[in-house]
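Beneath this line is the structure, given in structure tokens, with notes to follow.
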There are 4 protein chains.
Amino acid sequence: MTNPESAQQPTTDNDQLVTSEDQNHPANLIPSLCAKFWTLGWVTGTGGGCSIRDDDLVYIAPSGVQKELMKASDLYVLALSKQTDLKNRVYLRAPPCGKPSQCTPLFLAAFTKRGAGCCIHTHSHWAVLVTLILETRGPGSDKMFEINNIEQIKGFGRGFRKQGNLDFHDTLRIPVIENTSHEEDLTEFLEEAMDKYPDTYAVLVRRHGVYVWGDNVHKAKTTCESLDYLFQLAVEMKQLGIPWLSDIPKVKTASGR
Amino acid sequence: MTNPESAQQPTTDNDQLVTSEDQNHPANLIPSLCAKFWTLGWVTGTGGGCSIRDDDLVYIAPSGVQKELMKASDLYVLALSKQTDLKNRVYLRAPPCGKPSQCTPLFLAAFTKRGAGCCIHTHSHWAVLVTLILETRGPGSDKMFEINNIEQIKGFGRGFRKQGNLDFHDTLRIPVIENTSHEEDLTEFLEEAMDKYPDTYAVLVRRHGVYVWGDNVHKAKTTCESLDYLFQLAVEMKQLGIPWLSDIPKVKTASGR
Amino acid sequence: MTNPESAQQPTTDNDQLVTSEDQNHPANLIPSLCAKFWTLGWVTGTGGGCSIRDDDLVYIAPSGVQKELMKASDLYVLALSKQTDLKNRVYLRAPPCGKPSQCTPLFLAAFTKRGAGCCIHTHSHWAVLVTLILETRGPGSDKMFEINNIEQIKGFGRGFRKQGNLDFHDTLRIPVIENTSHEEDLTEFLEEAMDKYPDTYAVLVRRHGVYVWGDNVHKAKTTCESLDYLFQLAVEMKQLGIPWLSDIPKVKTASGR
Amino acid sequence: MTNPESAQQPTTDNDQLVTSEDQNHPANLIPSLCAKFWTLGWVTGTGGGCSIRDDDLVYIAPSGVQKELMKASDLYVLALSKQTDLKNRVYLRAPPCGKPSQCTPLFLAAFTKRGAGCCIHTHSHWAVLVTLILETRGPGSDKMFEINNIEQIKGFGRGFRKQGNLDFHDTLRIPVIENTSHEEDLTEFLEEAMDKYPDTYAVLVRRHGVYVWGDNVHKAKTTCESLDYLFQLAVEMKQLGIPWLSDIPKVKTASGR
């Protein structure tokens, strides 16, 4: 969304930071990912976004652009280690026009608190619907999305600095935080959720969308896809009266696993 | 839709008005936008359309074409300041065959009454379904779509000549006008709605679709996307028994905003 | 669907009939239309198809091909005036391998009985669902899809050899015929429906799909799109408890129309 | 899904096995099919996959890749006749990095037990929803998906080594097996289902997805499309309260068939 408050940051002339022939360079990946996400309905109407961290360099999509039309030259770049004053971020490179995304501090939280290499924010209506369905359970029961016994759960890592992925029978838990008028103000709640649920790779924002991260672009993107799949399935299960949590006994197999 | 009544307008040979190498030229933007809208299901079966105003020049898609196949050479161009007789519009440029769109006076209303730079008309079935759901509330309660406390609402400007965008907690209100047999006859009702709700950027047409405008192509298109997202969400909320209006308290944040 | 019974027709070497640089040549249009229809979910799993008539020449997609991969060289061509023996059709051109489509006699019925220039057959699940919903009304009430007061209805012509299009308030009526084990056997029922409802441009086949035709490719394709839009809307209206037929008074307009 | 247990197989330098200019070569078909399946939502988040057998050579997509980005050089190749030790498969060609898919033994079961030329595994949420709907019928009634009197059923072959396809009135039966924590452990249940229902071309995996195979790529792919169409229709029928099995009398036709 737009960010009318932020003053334009001083810009140095570092266009080489976003210029590369390599299609796997972060400056090229962000536009191609955002175009893909637009097609999936995740970043409709300039909502949502994506950021990639390459070592100390962070590449961020600007505020308020049409995500399917974004170009590498639209991107902001900053050095993670140089952000001493959170109220006054310093950019190594900024586009000639445009504004930094209000999502920036949320992306940075994933990078600094979880060592993530990529963070994706979607407005997927499946995510929003899941938070709305949870809300109908009443206060106190609306702050955690839980689902188990669905194969796609195996698309999630066990957690921060843990090896391996969740099992089919495991319960995937995604915390829900309340939405704020200013996206930047979500940061404290996102960080709180990260502290309280250190193993989660995603946080739902009520009536808003979801933040998903991963060690690298591949993991963040495939986790985000798996999660959106589960959100859609959860909404469809609700419509069919099928509960999200079930008690499915482990099948006995020849391997004995 | 087709416009059997309108006689073909006299054409001057102004093909240079729709000939440009610049993909951001209105004559190139309209076809690419319409192709995108076709993919989104907004302009199925020649329904819907799009017009762009560049200063005094107005570019309009013709009537009855397959929107995903439209070419720059299919477009009409007129000078807004020269339209003295609304019953007999004068075109600077017309395609060799084809008919002017019945949507023309509705697009012109957005340009003259709101200073819009772009106006989009869709037959999105989400828009139609929203008007049908409203209709079930009975006469008197069916003339306004209202939704609040959804992040995507922030995609809407505060209103005509106002700065900034709506807040998450604000209620987005889109008036609904009745449909007429002849699309041109909608003009008086559209203008009436613009007068009554000067800050709206869109008007729903019952059992028909929606007109959306903005200061420029970027704003009209992203507003239209945000609105369609909200219409879809509203239909899904209805199916899940979740009301469109809610009372969500403002969250207390560290910033105190 | 496949057509195991039909013996391969004798082939003359008339490849020039399907060879053209013109992308609007029927032999190029059919593959591009079928690829588009595949994306829309209309011709999934080799179901459905499309035929174009250019004067006396009829171009037909073969049986059992993946519709999004079809090439001009896959097509059959026949001369409409030369089909004296309906049990033994003569082709001017046939692909080296492949079988004629079982839809052929149904396409030919649209060409001979209605002078159509193009006929499209889809397995759209919206069409199938509409016939299933009608079925729940019981025998006698399940043989006609009717909807009125939806703008997209204006996408339909008034009927065979009639000028102009339906009005917003008009009731669109699409007859439903029963499905048969062999697609060719549908022909008698399709022709019967054409005789009984001479103004229809489409016939639904219960639990199967829809046949849609038009004077030319443009009309058949846009009519088919409008119809699929209405089928989808009808299913969604049913899910929301909104009836397909309504009594909407004509709005009084300044034009007095 | 990922396969953390499998050690990397020793690789010989057989890159020519996956190098071809022919777009119908299995090494080129698998990536193009997987990209198409990703668009259909069948292989979201690295789930699902595809394998092709060409005589004795088997081409397999690797584990855990983004399916829409897969390249021929990512593929594994093995000789079916050389797999004497099922716990220690020997690959003729392996990519420099990557892991064999856990689906491998399931694909091989289709090749060895049914002589299939192609096997597709999807996580289509329609497939998952069908197994969830069946589950609501209770134990004993949840192990078989059955539907009849839908045209698309004609997209299925009569069965292993049988000629011809199912009829419109025939009941399509797809067995459901229970899901296991490790995908490889599904093999015994898949093979059991193949033995019990020798004519099926697909097996549903509860809360997971579906395996579909065919004599060749064309048949496997179009069967998979037809089945997904039927799964989607079945879910929509359930939402509308329409049963999957019906008693539709055969229509009397002039041909007397």
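Ordered as shown in the structure tokens, chains take letters A, B, and onward, while each chain numbers its residues from 1 and ligands are numbered from 1 in the order shown.
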Exercise for review: Find the residues around B:Glu68 up to 9 Å (only C-alpha atoms counted), leave out those fewer than 5 positions away in its own chain, and share them as a ChimeraX atom specification.
Suggested key: /B:31-39,43
Practice item. Within 8 Å of chain A, which residues of chain D are there when counting only C-alpha atoms? Please give them as a PyMOL selection string. Key: chain D and resi 1-2+4+44-47+66+123+125+129+132-133+136+178-181+185+188+207-208+239
Now that the selection is made, can you save its residues with N, CA and C atoms as a compact mmCIF listing (two decimals), in the first residue's frame?
# COMPACT_ATOMS: atom_id res chain seq x y z
N MET D 1 7.52 -33.93 -2.54
CA MET D 1 8.04 -33.43 -1.28
C MET D 1 9.52 -33.82 -1.12
N THR D 2 10.15 -33.28 -0.13
CA THR D 2 11.57 -33.51 0.05
C THR D 2 11.81 -34.93 0.56
N PRO D 4 14.64 -36.33 2.73
CA PRO D 4 15.90 -36.12 3.45
C PRO D 4 16.69 -37.40 3.66
N THR D 44 1.67 -27.52 -6.72
CA THR D 44 1.99 -26.35 -5.91
C THR D 44 3.08 -26.67 -4.89
N GLY D 45 3.98 -25.72 -4.67
CA GLY D 45 4.94 -25.85 -3.58
C GLY D 45 5.79 -27.09 -3.64
N THR D 46 6.23 -27.48 -4.82
CA THR D 46 7.07 -28.66 -5.10
C THR D 46 6.33 -29.99 -4.95
N GLY D 47 5.07 -29.97 -4.55
CA GLY D 47 4.32 -31.22 -4.44
C GLY D 47 4.04 -31.81 -5.81
N GLN D 66 10.90 -26.38 -7.83
CA GLN D 66 9.76 -25.59 -8.27
C GLN D 66 9.37 -26.11 -9.65
N HIS D 123 -1.25 -32.99 -6.44
CA HIS D 123 -1.82 -32.63 -5.14
C HIS D 123 -3.09 -31.79 -5.34
N HIS D 125 -6.25 -29.88 -5.20
CA HIS D 125 -7.11 -29.84 -4.02
C HIS D 125 -8.49 -30.41 -4.30
N LEU D 129 -10.13 -32.89 -1.69
CA LEU D 129 -11.49 -32.64 -1.19
C LEU D 129 -12.39 -33.85 -1.40
N LEU D 132 -11.77 -36.17 1.31
CA LEU D 132 -12.31 -35.65 2.57
C LEU D 132 -13.83 -35.82 2.62
N ILE D 133 -14.49 -35.60 1.48
CA ILE D 133 -15.94 -35.79 1.43
C ILE D 133 -16.28 -37.26 1.67
N THR D 136 -16.32 -38.36 5.27
CA THR D 136 -17.49 -38.03 6.11
C THR D 136 -18.53 -39.14 6.09
N GLU D 178 -4.89 -45.12 2.01
CA GLU D 178 -4.57 -44.25 3.14
C GLU D 178 -3.19 -43.61 2.92
N ASN D 179 -3.01 -42.44 3.47
CA ASN D 179 -1.73 -41.75 3.33
C ASN D 179 -0.73 -42.25 4.38
N THR D 180 0.55 -42.17 4.03
CA THR D 180 1.60 -42.55 4.97
C THR D 180 2.54 -41.37 5.18
N SER D 181 3.29 -41.43 6.25
CA SER D 181 4.22 -40.33 6.54
C SER D 181 5.30 -40.21 5.47
N ASP D 185 6.46 -45.23 1.25
CA ASP D 185 5.69 -46.30 1.90
C ASP D 185 4.30 -46.47 1.30
N GLU D 188 3.39 -50.00 -1.37
CA GLU D 188 2.71 -51.28 -1.14
C GLU D 188 1.19 -51.14 -1.28
N ARG D 207 -6.29 -37.34 1.66
CA ARG D 207 -5.72 -36.09 2.19
C ARG D 207 -4.36 -35.78 1.55
N HIS D 208 -4.15 -36.26 0.35
CA HIS D 208 -2.84 -36.12 -0.28
C HIS D 208 -2.97 -35.73 -1.76
N GLN D 239 -21.61 -29.61 -3.02
CA GLN D 239 -22.01 -28.30 -2.47
C GLN D 239 -23.45 -27.96 -2.86
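Counting from atom CA of A:Leu29, the distance to atom CA of A:Glu184 is 24.3 Å.
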Exercise for review: Could you jot down the atom CA of B:Val176 to atom CA of B:Thr122 separation for me, Å, one decimal place?
Suggested key: 14.2 Å
**Study point:** Near-A:Val58 list (7 Å; only C-alpha atoms; drop same-chain fewer than 2 positions) as a list in words
**Key:**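 Result of the neighbour search: Ile52, Arg53, Asp54, Asp56, Ile60, Val77, Leu78, Ala79 and Leu80 of chain A.
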Point to revise | Picked from stretch 71-209 of chain B by DSSP as helix (DSSP H, G or I), as a ChimeraX atom specification | key: /B:72-74,80-82,104-114,125-135,151-155,183-196
**Study point:** Pairwise distance for atom CA of C:Glu192 and atom CA of C:Pro175, rounded to one decimal in Å
**Key:**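 Separating atom CA of C:Glu192 from atom CA of C:Pro175 is a distance of 10.5 Å.
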Exercise for review: as a ChimeraX atom specification, please: all residues of stretch 62-172 of chain A that backbone DSSP puts in strand (DSSP E or B).
Suggested key: /A:76-79,93,118-122,144-148,157,165,171-172
Practice item. Using only C-alpha atoms, pick whichever of A:Ser101, A:Gly117, A:Phe231, A:Ser73 has the shortest atom-to-atom distance to A:His182. Key: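 Of all the options, A:Ser101 lies closest to A:His182.
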